[in-house]
Amino acid sequence: MTTHRVLTTLGCALTAVLATAWSTAPPTQPARPAATTAHADEGSVRPTATRAHAHGGPVRPVAARAHGYGGALGPTATAAHAHGGPAHPVATTAHSHGGAPRSTAAAAPAHGGSLAPTATAAPAHGGGPVRPVAATARGYDGSVRPTATTVRAHGGPVRPVGTTVRTHHGLVRGAAHDGYRTFEGVPYAAPPVGGLRWVPARPPAPWSGVRDATRPASACPQPAGEVPGGSTDEDCLHLDITTPDAVGPAHPRPVIVWLHGGGLTTGAGGSYDAHRLAVRGDAVVVTVDYRLGALGFLAHSGLPGSGTFGLSDQQAALRWVRAEIGAFGGDPHNVTLAGESAGGYSVCAQLASPAAAGLFDRAIIQSGPCTGRPDRPFAPSSVPLSTARAMGAELAAKVGCGSARDVPACLRRVRVSRLLAAQDTDQQPAHATPLLPDDPAAAIAAGRFHRVPVLIGHNHDEGNGWAAGIVRAGHPVTPGTWPDVVASFFPSPGQAKAIVHEYPVHRTDGGPVFGAVIGDANFACPTARTAGLLAAHVPVWRYEFADEHAPPLTSGTPPFPLGAPHASELPYLFDLGGRPRDLTAAQHRLADTMIDYWTRFARTADPNGPSSPPWSRRTVLSLAPDHIVPTRTAPFRHHCAFWNVLG
């Protein structure tokens, strides 16, 4: 295999691997025990995949047997619920439905994007507590039905969420922890199995009794990696909810809906322990599992909605949040859609999707610029429907369905494991489709996107993880090899020559220079362009995460210092897999400040507050321990003028 082919294949594979390869360092708190059973929709107990929430599972093999710079990653402890002990249900039952009734008529965005009026609150006789009233939202089938509401005393605070909560589909019982509560594996859509494989998300069936939500549900099908052993369970359209335990203010809390990264082929919402974000930020955090790989993004002319099933799932989760999150103390009228890497690009896709109108009120995009393109393979992008269908035909042929009389029916009979083995390492959603009419890059450039405030940013050294993995795999970057390495990712001779000139490699700095090219071309400059395009229409806050000593996300010693690579900001917002990283005191202060910024933005559409350094919309805010400062030099440092001219 030529160097060009090896490096291109390896780079694309590492995109998914390094996006979800977390450290296997011992946790500073006990690991959560694994879930072994969960309640099915009918209330019966069924086995679930034993899985570690820790982003420290073994990274799956990639081309040239490179597992990143740290070698093969060992399995981690599996997950549970309490930091320092198993979760235990509390007997309290809350039959009220979340969000505080509003004293004036308001409008709730309906499931189809239209607005349905909400009912007003009626005070009880004699000036007593406000009675719960039925706010309305449009259901999955288009009918208007009541949304979840919260009972609160007149002029008083919202009551804490109980451990058992009533949704429109049935009761769910969560777990109480020290200062917060979690509800795991709550279905937001019907299992996409059998005839529902490759069908846009349908509403879940109601259940009787109380559904156990104290254990994680199965991750969506994916190869081994973040989920040890992978997953083949298609019954995976669930979400996890984390809500503060304390009595809240007089109004419901802001809601952050988190879309995980992983190249749209790996990852799990349950890998993101959001209790710090929820408790410190006084917010309700929802993490979502959505269909991945070929099951989420296969395109075929016989499959309506094809190429965007995973995006359809995300919209179904947002509709569920609008209708149900009030029962968990969240404000269904204040929802922030957030994500990182492929999750960040998913936010871009939802900004550009007409079908997502009215489903969220703010957006946070972390290391997933909306202007991604297929010839920059490290960052996510979309492809035309025609290209996606050609890729779908290749997959159908690989699994023996290419010449079938009814290709969709044949594909629905193929085992999940065989589909996973046949699919590409990375997946792209298809545009020129009903859900995604335009490439998000083109839609954003033309101003065709939902007008919501945006917080967007990237990391200072995005590309170093990939560069280190490629070097570790036996492809050193030296002055002699540098032109061939560049040509592997930029086949145009003129472009390759210009890049080699702009980014010269000396005897010992090949790895970091390669990392700079990857990061600047795929993330830093596309993020700057995305932010500029958005800012022409909506308020935009920009950041660069710049902790050069961020805790490592993979095991082993890298061939050069990584600085702040792709995904290194995540431990400052989440305990990945329920395992807090070892942070210095200064890093803890940075984490607290970032959580304050993120949740203030979710609450008010402005991250600024009296306890944090000011954040101006006119500059990029550099986030480093004890050094949070505005910077105007980020585009210069990342050679953005060069990349803009190069095209």
# chains A, B, ... in the order shown; residues from 1 in each chain; ligands from 1
call {"tool": "select_by_dssp", "arguments": {"residues": "segment 292-458 of chain A", "states": "alpha helix (DSSP H)", "output": "PyMOL selection string"}}
result
chain A and resi 293-297+309-324+342-352+385-398+407-413+416-422+440-445
call {"tool": "residues_around", "arguments": {"residues": "Asp282 of chain A", "least_positions_apart": "5", "cutoff": "9 Å", "atoms": "only C-alpha atoms", "output": "mmCIF file with all heavy atoms, in the first residue's frame"}}
result
data_model
loop_
_atom_site.group_PDB
_atom_site.id
_atom_site.type_symbol
_atom_site.label_atom_id
_atom_site.label_comp_id
_atom_site.auth_asym_id
_atom_site.auth_seq_id
_atom_site.Cartn_x
_atom_site.Cartn_y
_atom_site.Cartn_z
ATOM 1 N N THR A 243 -30.529 16.222 36.803
ATOM 2 C CA THR A 243 -31.179 17.430 37.304
ATOM 3 C C THR A 243 -30.712 17.716 38.723
ATOM 4 O O THR A 243 -30.501 16.784 39.512
ATOM 5 C CB THR A 243 -32.717 17.276 37.268
ATOM 6 O OG1 THR A 243 -33.334 18.502 37.657
ATOM 7 C CG2 THR A 243 -33.192 16.153 38.151
ATOM 8 N N PRO A 244 -30.482 18.982 39.080
ATOM 9 C CA PRO A 244 -30.053 19.296 40.446
ATOM 10 C C PRO A 244 -31.111 18.881 41.462
ATOM 11 O O PRO A 244 -32.311 18.899 41.181
ATOM 12 C CB PRO A 244 -29.876 20.820 40.418
ATOM 13 C CG PRO A 244 -29.733 21.178 38.981
ATOM 14 C CD PRO A 244 -30.560 20.176 38.239
ATOM 15 N N ALA A 246 -31.387 20.385 44.504
ATOM 16 C CA ALA A 246 -31.769 21.493 45.370
ATOM 17 C C ALA A 246 -33.050 22.147 44.875
ATOM 18 O O ALA A 246 -33.404 22.074 43.697
ATOM 19 C CB ALA A 246 -30.649 22.527 45.410
ATOM 20 N N GLY A 248 -35.086 24.883 43.420
ATOM 21 C CA GLY A 248 -34.640 25.857 42.439
ATOM 22 C C GLY A 248 -35.312 27.199 42.617
ATOM 23 O O GLY A 248 -36.066 27.431 43.555
ATOM 24 N N ARG A 253 -35.589 25.373 35.286
ATOM 25 C CA ARG A 253 -34.179 25.532 34.942
ATOM 26 C C ARG A 253 -33.966 25.463 33.429
ATOM 27 O O ARG A 253 -34.710 24.780 32.718
ATOM 28 C CB ARG A 253 -33.366 24.430 35.615
ATOM 29 C CG ARG A 253 -33.365 24.502 37.142
ATOM 30 C CD ARG A 253 -32.587 23.343 37.741
ATOM 31 N NE ARG A 253 -32.338 23.552 39.154
ATOM 32 C CZ ARG A 253 -33.091 23.051 40.135
ATOM 33 N NH1 ARG A 253 -34.166 22.316 39.819
ATOM 34 N NH2 ARG A 253 -32.802 23.273 41.389
ATOM 35 N N PRO A 254 -32.901 26.109 32.943
ATOM 36 C CA PRO A 254 -32.555 25.947 31.532
ATOM 37 C C PRO A 254 -32.176 24.509 31.246
ATOM 38 O O PRO A 254 -31.702 23.780 32.130
ATOM 39 C CB PRO A 254 -31.372 26.894 31.349
ATOM 40 C CG PRO A 254 -30.774 27.023 32.709
ATOM 41 C CD PRO A 254 -31.935 26.946 33.662
ATOM 42 N N LEU A 277 -22.014 19.930 35.584
ATOM 43 C CA LEU A 277 -22.681 20.920 34.740
ATOM 44 C C LEU A 277 -24.069 21.241 35.285
ATOM 45 O O LEU A 277 -24.492 22.402 35.322
ATOM 46 C CB LEU A 277 -22.771 20.369 33.320
ATOM 47 C CG LEU A 277 -23.029 21.319 32.161
ATOM 48 C CD1 LEU A 277 -21.920 22.341 32.022
ATOM 49 C CD2 LEU A 277 -23.179 20.530 30.865
ATOM 50 N N THR A 599 -23.460 27.499 31.152
ATOM 51 C CA THR A 599 -24.821 27.453 31.695
ATOM 52 C C THR A 599 -25.460 28.835 31.758
ATOM 53 O O THR A 599 -26.689 28.950 31.633
ATOM 54 C CB THR A 599 -24.836 26.782 33.079
ATOM 55 O OG1 THR A 599 -23.893 27.439 33.953
ATOM 56 C CG2 THR A 599 -24.469 25.313 32.971
#
call {"tool": "residues_around", "arguments": {"residues": "Ala283 of chain A", "least_positions_apart": "2", "cutoff": "10 Å", "atoms": "only C-alpha atoms", "output": "PyMOL selection string"}}
result
chain A and resi 242-244+248+252-256+274-281+285-286+329-331+599-600+602-603
call {"tool": "select_by_dssp", "arguments": {"residues": "segment 216-294 of chain A", "states": "strand (DSSP E or B)", "output": "PyMOL selection string"}}
result
chain A and resi 222+231+238-244+253-259+272-273+284-288
call {"tool": "closest_atom_pairs", "arguments": {"of": "segment 251-351 of chain A", "to": "segment 374-381 of chain A", "cutoff": "12 Å", "atoms": "only C-alpha atoms", "output": "JSON lines"}}
result
{"residue": "A:Gly261", "atom": "CA", "partner": "A:Pro380", "partner_atom": "CA", "distance": 9.9}
{"residue": "A:Gly262", "atom": "CA", "partner": "A:Pro380", "partner_atom": "CA", "distance": 9.8}
{"residue": "A:Gly263", "atom": "CA", "partner": "A:Pro380", "partner_atom": "CA", "distance": 6.9}
{"residue": "A:Leu264", "atom": "CA", "partner": "A:Pro380", "partner_atom": "CA", "distance": 8.6}
{"residue": "A:Thr265", "atom": "CA", "partner": "A:Pro380", "partner_atom": "CA", "distance": 11.4}
{"residue": "A:Glu340", "atom": "CA", "partner": "A:Pro380", "partner_atom": "CA", "distance": 10.6}
{"residue": "A:Ser341", "atom": "CA", "partner": "A:Pro380", "partner_atom": "CA", "distance": 7.2}
{"residue": "A:Ala342", "atom": "CA", "partner": "A:Pro380", "partner_atom": "CA", "distance": 5.8}
{"residue": "A:Gly343", "atom": "CA", "partner": "A:Pro380", "partner_atom": "CA", "distance": 9.2}
{"residue": "A:Gly344", "atom": "CA", "partner": "A:Pro380", "partner_atom": "CA", "distance": 8.9}
{"residue": "A:Tyr345", "atom": "CA", "partner": "A:Pro380", "partner_atom": "CA", "distance": 6.3}
{"residue": "A:Ser346", "atom": "CA", "partner": "A:Pro380", "partner_atom": "CA", "distance": 8.9}
{"residue": "A:Val347", "atom": "CA", "partner": "A:Pro380", "partner_atom": "CA", "distance": 11.5}
{"residue": "A:Cys348", "atom": "CA", "partner": "A:Ser381", "partner_atom": "CA", "distance": 9.9}
{"residue": "A:Ala349", "atom": "CA", "partner": "A:Ser381", "partner_atom": "CA", "distance": 9.4}
